[in-house]
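Here's input_31.txt, which has compact mmCIF, C-alpha atoms:
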# COMPACT_ATOMS: atom_id res chain seq x y z
CA GLN Y 212 -41.88 61.61 8.01
CA GLU Y 213 -45.43 62.83 7.39
CA ALA Y 214 -46.95 65.88 9.04
CA LEU Y 215 -50.22 66.56 7.29
CA HIS Y 216 -52.04 67.59 10.47
CA GLY Y 217 -49.58 66.64 13.17
CA LEU Y 218 -46.67 64.21 13.37
CA ALA Y 219 -47.70 60.88 11.87
CA TYR Y 220 -47.00 57.59 13.72
CA LEU Y 221 -45.87 59.43 16.86
CA ASN Y 222 -47.48 60.47 20.13
CA ALA Y 223 -48.00 64.13 19.28
CA THR Y 224 -50.68 66.80 19.02
CA VAL Y 225 -53.29 65.99 16.38
CA PHE Y 226 -54.78 68.93 14.53
CA PRO Y 227 -57.78 68.91 12.17
CA ARG Y 228 -57.14 67.23 8.87
CA ALA Y 229 -56.18 69.42 5.93
CA THR Y 230 -59.72 70.07 4.71
CA GLY Y 231 -60.56 71.45 8.14
CA LEU Y 232 -57.44 73.61 8.17
CA GLY Y 233 -58.43 75.01 4.80
CA HIS Y 234 -61.89 75.84 6.11
CA THR Y 235 -60.40 78.19 8.67
CA TRP Y 236 -59.55 80.72 5.92
CA ASP Y 237 -56.89 81.89 8.37
CA PRO Y 238 -53.24 81.74 7.20
CA ALA Y 239 -51.93 83.19 10.47
CA LEU Y 240 -53.59 80.39 12.45
CA ILE Y 241 -52.27 77.74 10.05
CA ARG Y 242 -48.77 79.15 10.35
CA SER Y 243 -49.05 78.70 14.13
CA VAL Y 244 -50.32 75.15 13.70
CA ALA Y 245 -47.41 74.25 11.44
CA SER Y 246 -44.93 75.90 13.79
CA ALA Y 247 -46.31 73.80 16.66
CA ILE Y 248 -45.96 70.62 14.58
CA ALA Y 249 -42.38 71.56 13.74
CA ASP Y 250 -41.60 72.22 17.41
CA GLU Y 251 -42.80 68.74 18.33
CA GLY Y 252 -40.81 67.30 15.43
CA ARG Y 253 -37.68 68.98 16.76
CA VAL Y 254 -38.25 67.40 20.18
CA TYR Y 255 -38.41 63.91 18.65
CA HIS Y 256 -35.38 64.65 16.47
CA ARG Y 257 -33.31 65.76 19.45
CA ARG Y 258 -34.24 62.58 21.31
CA ASP Y 259 -33.42 60.26 18.39
CA PRO Y 260 -31.71 62.08 15.51
CA ALA Y 261 -30.78 58.89 13.66
CA ASN Y 262 -34.37 57.71 13.31
CA GLN Y 263 -36.48 60.88 13.54
CA GLY Y 264 -35.50 63.16 10.70
CA LEU Y 265 -36.58 66.69 9.93
CA SER Y 266 -37.81 66.28 6.36
CA TYR Y 267 -41.62 66.12 6.24
CA TRP Y 268 -43.78 65.12 3.28
CA SER Y 269 -46.35 67.85 3.82
CA PRO Y 270 -48.28 69.93 2.91
CA VAL Y 271 -50.47 68.65 0.08
CA VAL Y 272 -51.37 71.49 -2.28
CA ASP Y 273 -53.16 69.38 -4.86
CA LEU Y 274 -56.59 70.69 -5.78
CA ALA Y 275 -59.83 68.85 -5.09
CA ARG Y 276 -61.89 69.44 -8.21
CA ASP Y 277 -64.01 66.33 -7.70
CA PRO Y 278 -65.00 64.64 -4.41
CA ARG Y 279 -64.82 61.24 -6.12
CA TRP Y 280 -61.03 61.56 -6.23
CA GLY Y 281 -60.71 59.79 -2.88
CA ARG Y 282 -58.06 61.89 -1.12
CA THR Y 283 -59.84 65.19 -0.72
CA GLU Y 284 -59.34 65.13 3.05
CA GLU Y 285 -55.61 65.68 2.43
CA VAL Y 286 -56.00 69.00 0.62
CA TYR Y 287 -57.18 72.50 1.50
CA GLY Y 288 -59.85 72.83 -1.17
CA GLU Y 289 -60.47 73.29 -4.86
CA ASP Y 290 -59.25 76.86 -5.23
CA PRO Y 291 -55.61 77.56 -6.18
CA TYR Y 292 -55.47 80.88 -4.33
CA LEU Y 293 -56.80 79.35 -1.10
CA SER Y 294 -54.44 76.38 -1.37
CA ALA Y 295 -51.48 78.66 -1.98
CA ALA Y 296 -52.36 80.91 0.97
CA ILE Y 297 -52.98 78.09 3.45
CA GLY Y 298 -50.20 75.87 2.09
CA GLY Y 299 -47.78 78.80 2.08
CA ALA Y 300 -48.58 79.56 5.71
CA TYR Y 301 -48.01 75.90 6.55
CA VAL Y 302 -44.63 75.96 4.82
CA HIS Y 303 -43.67 79.18 6.63
CA GLY Y 304 -44.59 77.71 10.01
CA MET Y 305 -42.67 74.50 9.44
CA GLN Y 306 -39.57 76.28 8.13
CA GLY Y 307 -39.50 78.95 10.82
CA ASP Y 308 -38.02 82.44 10.68
CA ASP Y 309 -34.37 81.92 11.53
CA PRO Y 310 -32.14 83.58 8.90
CA ARG Y 311 -29.74 80.63 8.80
CA TYR Y 312 -31.57 77.45 9.73
CA PHE Y 313 -34.86 75.76 8.87
CA LYS Y 314 -36.85 74.40 11.78
CA THR Y 315 -38.00 71.50 9.61
CA LEU Y 316 -38.13 70.85 5.87
CA PRO Y 317 -41.71 70.82 4.48
CA THR Y 318 -42.31 69.16 1.11
CA LEU Y 319 -44.91 70.39 -1.35
CA LYS Y 320 -46.77 67.52 -2.99
CA HIS Y 321 -47.82 66.06 -5.35
CA PHE Y 322 -46.22 67.75 -8.35
CA ALA Y 323 -48.47 67.87 -10.35
CA ALA Y 324 -52.06 67.47 -11.58
CA ASN Y 325 -52.65 64.72 -9.04
CA SER Y 326 -56.40 64.22 -9.02
CA MET Y 327 -56.97 60.48 -9.29
CA GLU Y 328 -56.47 57.61 -6.89
CA ASN Y 329 -57.70 54.74 -9.07
CA ASN Y 330 -54.84 53.36 -11.19
CA ARG Y 331 -52.65 56.16 -9.89
CA MET Y 332 -49.44 54.31 -10.76
CA SER Y 333 -50.35 54.15 -14.43
CA ALA Y 334 -52.94 56.85 -15.16
CA SER Y 335 -52.32 60.08 -17.05
CA SER Y 336 -53.79 63.48 -16.22
CA ASN Y 337 -54.40 64.90 -19.67
CA VAL Y 338 -54.41 68.65 -19.20
CA ASP Y 339 -54.28 71.57 -21.61
CA PRO Y 340 -51.41 74.04 -21.03
CA ARG Y 341 -53.55 76.85 -19.66
CA ASN Y 342 -55.36 74.62 -17.16
CA LEU Y 343 -52.03 73.18 -16.05
CA ARG Y 344 -50.42 76.58 -15.56
CA GLU Y 345 -53.30 78.55 -14.09
CA TYR Y 346 -54.82 75.82 -11.97
CA TYR Y 347 -52.73 72.77 -11.07
CA LEU Y 348 -49.33 74.47 -10.94
CA LYS Y 349 -50.44 77.75 -9.41
CA PRO Y 350 -50.16 76.78 -5.69
CA PHE Y 351 -46.68 75.36 -6.29
CA GLU Y 352 -45.63 78.51 -8.12
CA LYS Y 353 -46.97 80.95 -5.54
CA ILE Y 354 -45.52 79.09 -2.55
CA THR Y 355 -42.17 78.64 -4.28
CA ARG Y 356 -41.92 82.33 -5.11
CA GLU Y 357 -43.17 83.62 -1.75
CA GLN Y 358 -41.96 81.11 0.85
CA ASN Y 359 -38.65 79.83 -0.52
CA VAL Y 360 -39.85 76.25 -0.20
CA GLN Y 361 -36.99 73.78 -0.66
CA SER Y 362 -38.62 70.43 -1.36
CA TYR Y 363 -41.15 68.91 -3.78
CA MET Y 364 -42.52 65.42 -4.14
CA VAL Y 365 -43.62 64.40 -7.62
CA ALA Y 366 -46.95 62.68 -8.23
CA TYR Y 367 -47.64 59.07 -9.19
CA ASN Y 368 -49.58 59.99 -12.30
CA ALA Y 369 -48.34 61.04 -15.70
CA ILE Y 370 -49.16 64.40 -17.26
CA ASN Y 371 -50.10 64.07 -20.90
CA SER Y 372 -48.48 60.60 -20.91
CA LEU Y 373 -45.15 61.71 -19.37
CA PRO Y 374 -44.80 60.21 -15.86
CA CYS Y 375 -44.22 62.83 -13.17
CA ALA Y 376 -41.16 60.91 -11.97
CA VAL Y 377 -39.44 61.99 -15.19
CA THR Y 378 -41.30 65.24 -15.77
CA ASN Y 379 -39.53 68.17 -17.42
CA LEU Y 380 -41.70 70.60 -15.43
CA VAL Y 381 -39.26 70.63 -12.51
CA ARG Y 382 -36.35 71.71 -14.70
CA ASP Y 383 -38.12 73.93 -17.22
CA VAL Y 384 -40.77 75.56 -15.04
CA ALA Y 385 -40.05 75.26 -11.30
CA ARG Y 386 -36.30 75.82 -11.55
CA ALA Y 387 -35.97 77.93 -14.69
CA GLU Y 388 -39.01 80.17 -14.20
CA TRP Y 389 -39.86 80.19 -10.50
CA GLY Y 390 -36.35 80.00 -9.07
CA PHE Y 391 -36.86 76.74 -7.16
CA GLN Y 392 -33.48 75.65 -5.77
CA GLY Y 393 -34.46 72.78 -3.51
CA PHE Y 394 -34.51 69.04 -3.96
CA VAL Y 395 -37.13 66.70 -5.37
CA VAL Y 396 -38.19 63.32 -4.03
CA THR Y 397 -40.26 60.72 -5.85
CA ASP Y 398 -43.32 59.16 -4.29
CA ALA Y 399 -43.06 55.63 -2.93
CA GLY Y 400 -42.63 53.02 -5.65
CA ASP Y 401 -42.29 55.48 -8.53
CA LEU Y 402 -39.21 53.72 -9.91
CA GLY Y 403 -40.94 50.38 -10.20
CA SER Y 404 -44.09 51.94 -11.63
CA LEU Y 405 -42.12 53.39 -14.56
CA VAL Y 406 -41.67 49.79 -15.67
CA THR Y 407 -44.78 47.94 -14.47
CA GLY Y 408 -47.35 50.75 -14.31
CA HIS Y 409 -46.68 53.45 -16.86
CA ARG Y 410 -44.59 51.07 -18.99
CA PHE Y 411 -42.38 54.01 -19.80
CA ALA Y 412 -39.07 52.25 -19.16
CA PRO Y 413 -38.10 48.71 -20.23
CA ASP Y 414 -36.29 47.91 -16.95
CA ASN Y 415 -35.41 49.35 -13.57
CA ALA Y 416 -31.89 50.44 -14.52
CA THR Y 417 -33.24 52.48 -17.41
CA GLY Y 418 -35.95 53.88 -15.16
CA ALA Y 419 -33.42 54.97 -12.55
CA ALA Y 420 -31.32 56.68 -15.21
CA LEU Y 421 -34.35 58.53 -16.55
CA ILE Y 422 -35.37 59.69 -13.07
CA VAL Y 423 -31.92 60.97 -12.12
CA LYS Y 424 -31.38 62.71 -15.46
CA ALA Y 425 -34.79 64.37 -15.14
CA GLY Y 426 -33.52 66.07 -11.98
CA MET Y 427 -35.02 63.98 -9.20
CA ASP Y 428 -32.75 63.92 -6.16
CA SER Y 429 -34.11 61.16 -3.95
CA ILE Y 430 -35.86 57.99 -5.16
CA THR Y 431 -38.28 56.45 -2.67
CA ASP Y 432 -38.17 52.80 -3.71
CA THR Y 433 -36.56 49.62 -2.40
CA LEU Y 434 -35.25 49.11 -5.93
CA THR Y 435 -33.19 52.29 -5.91
CA VAL Y 436 -29.67 51.23 -4.92
CA ALA Y 437 -29.47 48.16 -7.15
CA SER Y 438 -31.10 49.99 -10.06
CA VAL Y 439 -28.79 53.00 -9.88
CA GLN Y 440 -25.75 50.75 -9.60
CA ALA Y 441 -26.93 48.77 -12.63
CA ALA Y 442 -27.50 51.99 -14.57
CA ILE Y 443 -23.89 53.05 -13.88
CA THR Y 444 -22.52 49.62 -14.79
CA GLN Y 445 -24.46 49.63 -18.06
CA GLY Y 446 -23.33 53.14 -18.96
CA LEU Y 447 -26.81 54.65 -18.61
CA LEU Y 448 -25.61 56.93 -15.81
CA ARG Y 449 -22.27 58.40 -14.85
CA GLU Y 450 -21.29 58.99 -11.26
CA SER Y 451 -21.14 62.67 -12.14
CA ASP Y 452 -24.87 62.50 -12.93
CA LEU Y 453 -25.40 61.70 -9.25
CA ASP Y 454 -23.35 64.66 -8.05
CA THR Y 455 -26.09 67.24 -8.60
CA ALA Y 456 -28.57 65.18 -6.60
CA LEU Y 457 -25.97 64.62 -3.91
CA ARG Y 458 -25.26 68.35 -3.65
CA ARG Y 459 -28.95 69.15 -3.30
CA ASN Y 460 -29.40 66.52 -0.59
CA LEU Y 461 -26.38 67.76 1.37
CA ARG Y 462 -27.47 71.39 0.98
CA ILE Y 463 -30.81 70.57 2.62
CA ARG Y 464 -29.06 68.82 5.48
CA PHE Y 465 -26.94 71.91 6.07
CA LEU Y 466 -30.09 74.06 6.07
CA ILE Y 467 -31.58 72.06 8.93
CA GLY Y 468 -28.27 72.13 10.81
CA GLU Y 469 -27.37 68.45 10.69
CA PHE Y 470 -23.63 69.00 10.43
CA ASP Y 471 -23.17 71.90 12.81
CA PRO Y 472 -21.99 71.64 16.42
CA PRO Y 473 -24.48 72.10 19.27
CA GLY Y 474 -25.34 75.64 20.25
CA LEU Y 475 -25.51 77.25 16.82
CA ASN Y 476 -29.02 76.19 15.89
CA PRO Y 477 -31.75 77.81 18.01
CA TYR Y 478 -34.16 74.99 17.19
CA ASP Y 479 -31.94 72.50 19.03
CA ASN Y 480 -33.16 74.07 22.26
CA ILE Y 481 -36.90 73.50 21.89
CA PRO Y 482 -37.84 71.90 25.25
CA ASP Y 483 -39.60 68.60 25.85
CA SER Y 484 -42.51 70.59 27.25
CA ALA Y 485 -43.44 71.57 23.67
CA LEU Y 486 -44.57 68.02 22.98
CA LEU Y 487 -48.34 67.67 23.51
CA SER Y 488 -48.35 71.05 25.21
CA PRO Y 489 -51.57 72.73 26.37
CA ASP Y 490 -50.81 75.64 24.03
CA HIS Y 491 -50.78 73.30 21.04
CA ALA Y 492 -54.05 71.71 22.12

Translate the structure described by the file into structure tokens.
Amino acid sequence: QEALHGLAYLNATVFPRATGLGHTWDPALIRSVASAIADEGRVYHRRDPANQGLSYWSPVVDLARDPRWGRTEEVYGEDPYLSAAIGGAYVHGMQGDDPRYFKTLPTLKHFAANSMENNRMSASSNVDPRNLREYYLKPFEKITREQNVQSYMVAYNAINSLPCAVTNLVRDVARAEWGFQGFVVTDAGDLGSLVTGHRFAPDNATGAALIVKAGMDSITDTLTVASVQAAITQGLLRESDLDTALRRNLRIRFLIGEFDPPGLNPYDNIPDSALLSPDHA
């Protein structure tokens, strides 16, 4: 699901788009907004758990350096501190404060240096190390360290010619340095774009193997199942290579209470009256 400023595709409260939320300069207010969105998401999940999940591809903590980018309405602004403060409050509100369960699972995106829409499936953001660390990665780092965020989505673009779907930044920076323990999902079509866009892999089976071995845990592409199976058949992947991704996916599902009996998770009891409530308006 998407929840950039309310639940997408559903009859739910619509809040200002992300640029407007950033202009509030008010993390406490944004935390309340995100908590309201998560409450409404829990109502839909309780009504239809098979089709209305609790993993949300929001917030966007990319940085809007140039208005010609084309997606500046999805982000909080151009400043890494502001984006970390507002994005962190959004994450906090969506995750909730229960010591055992997450209300919903927010996903930081797009990791990283995503600042182009034209040719996004093939373009490379060529960034010097200091600019990457102190600017593009800074909101991800701060939110990861402070809010225990458990999900990233990688960007369509490459960074210095290495596609983000196979980036080593997740393993070497987010996990090794920042302590990120969550799971990583690719953006839609990233597997196919490794072959046809970035031309980084010769075929889909090789692309799937590269993505899994790079530490991605969920591949958002209609090509995924056949490509992973082909990679195993061809010896490019072992089933044990999939175990780490499987563990991370299952861990997230435990965090949101999917496998526990009714009555243990306080978020199961959010009433229908939360949906489109006057308080949220």

With distances taken over all atoms listed in the file, which residue among Y:Met305, Y:Ala425, Y:Leu461, Y:Ala296 lies nearest Y:Val244?
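Ranking Y:Met305, Y:Ala425, Y:Leu461, Y:Ala296 by distance to Y:Val244, first place goes to Y:Met305.
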
Output as AutoDock Vina command-line options the centre and edge lengths (Å, one decimal) of the box along x, y and z of the file that holds every listed atom of stretch 462-465 of chain Y after adding 5 Å on each side.
--center_x -28.9 --center_y 70.4 --center_z 3.5 --size_x 13.9 --size_y 13.1 --size_z 15.1

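If you look at atom CA of Y:Ser372 and atom CA of Y:Ile443, they are 26.7 Å away from each other.
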
Nearest to Y:Gln358 by atom-to-atom distance, counting all atoms listed in the file, from Y:Pro374, Y:Gly393, Y:Gly299, Y:Gly307:
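For Y:Gln358, the nearest of the candidates is Y:Gly299.
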
Got a sec to check which residues sit within 10 Å of (-48.7, 62.8, 9.2), counting only C-alpha atoms, and write them as a list of chain:residue names?
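These residues have at least one counted atom within 10 Å: Y:Gln212, Y:Glu213, Y:Ala214, Y:Leu215, Y:His216, Y:Gly217, Y:Leu218, Y:Ala219, Y:Tyr220, Y:Leu221, Y:Val225, Y:Arg228, Y:Ile248, Y:Tyr267, Y:Trp268, Y:Ser269, Y:Pro270.
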
Serialized selection, C-alpha atoms, as an mmCIF file, in the coordinates of the input:
data_model
loop_
_atom_site.group_PDB
_atom_site.id
_atom_site.type_symbol
_atom_site.label_atom_id
_atom_site.label_comp_id
_atom_site.auth_asym_id
_atom_site.auth_seq_id
_atom_site.Cartn_x
_atom_site.Cartn_y
_atom_site.Cartn_z
ATOM 1 C CA GLN Y 212 -41.880 61.610 8.010
ATOM 2 C CA GLU Y 213 -45.430 62.830 7.390
ATOM 3 C CA ALA Y 214 -46.950 65.880 9.040
ATOM 4 C CA LEU Y 215 -50.220 66.560 7.290
ATOM 5 C CA HIS Y 216 -52.040 67.590 10.470
ATOM 6 C CA GLY Y 217 -49.580 66.640 13.170
ATOM 7 C CA LEU Y 218 -46.670 64.210 13.370
ATOM 8 C CA ALA Y 219 -47.700 60.880 11.870
ATOM 9 C CA TYR Y 220 -47.000 57.590 13.720
ATOM 10 C CA LEU Y 221 -45.870 59.430 16.860
ATOM 11 C CA VAL Y 225 -53.290 65.990 16.380
ATOM 12 C CA ARG Y 228 -57.140 67.230 8.870
ATOM 13 C CA ILE Y 248 -45.960 70.620 14.580
ATOM 14 C CA TYR Y 267 -41.620 66.120 6.240
ATOM 15 C CA TRP Y 268 -43.780 65.120 3.280
ATOM 16 C CA SER Y 269 -46.350 67.850 3.820
ATOM 17 C CA PRO Y 270 -48.280 69.930 2.910
#

What is the atom CA of Y:Asp250-atom CA of Y:Gly468 distance in Å, reported with one decimal?
14.9 Å

Expressed in Å, the length from atom CA of Y:Thr378 to atom CA of Y:Trp280 is 22.2 Å

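Distances here use all atoms listed in the file; by that measure, the residue among Y:Ala387, Y:Leu319, Y:Val377, Y:Ala229 closest to Y:Gly418 is Y:Val377.
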
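Distances to Y:Thr224 were evaluated for Y:Arg382, Y:Gly252, Y:Ala399, Y:Ala239 using only C-alpha atoms, and the minimum falls at Y:Gly252.
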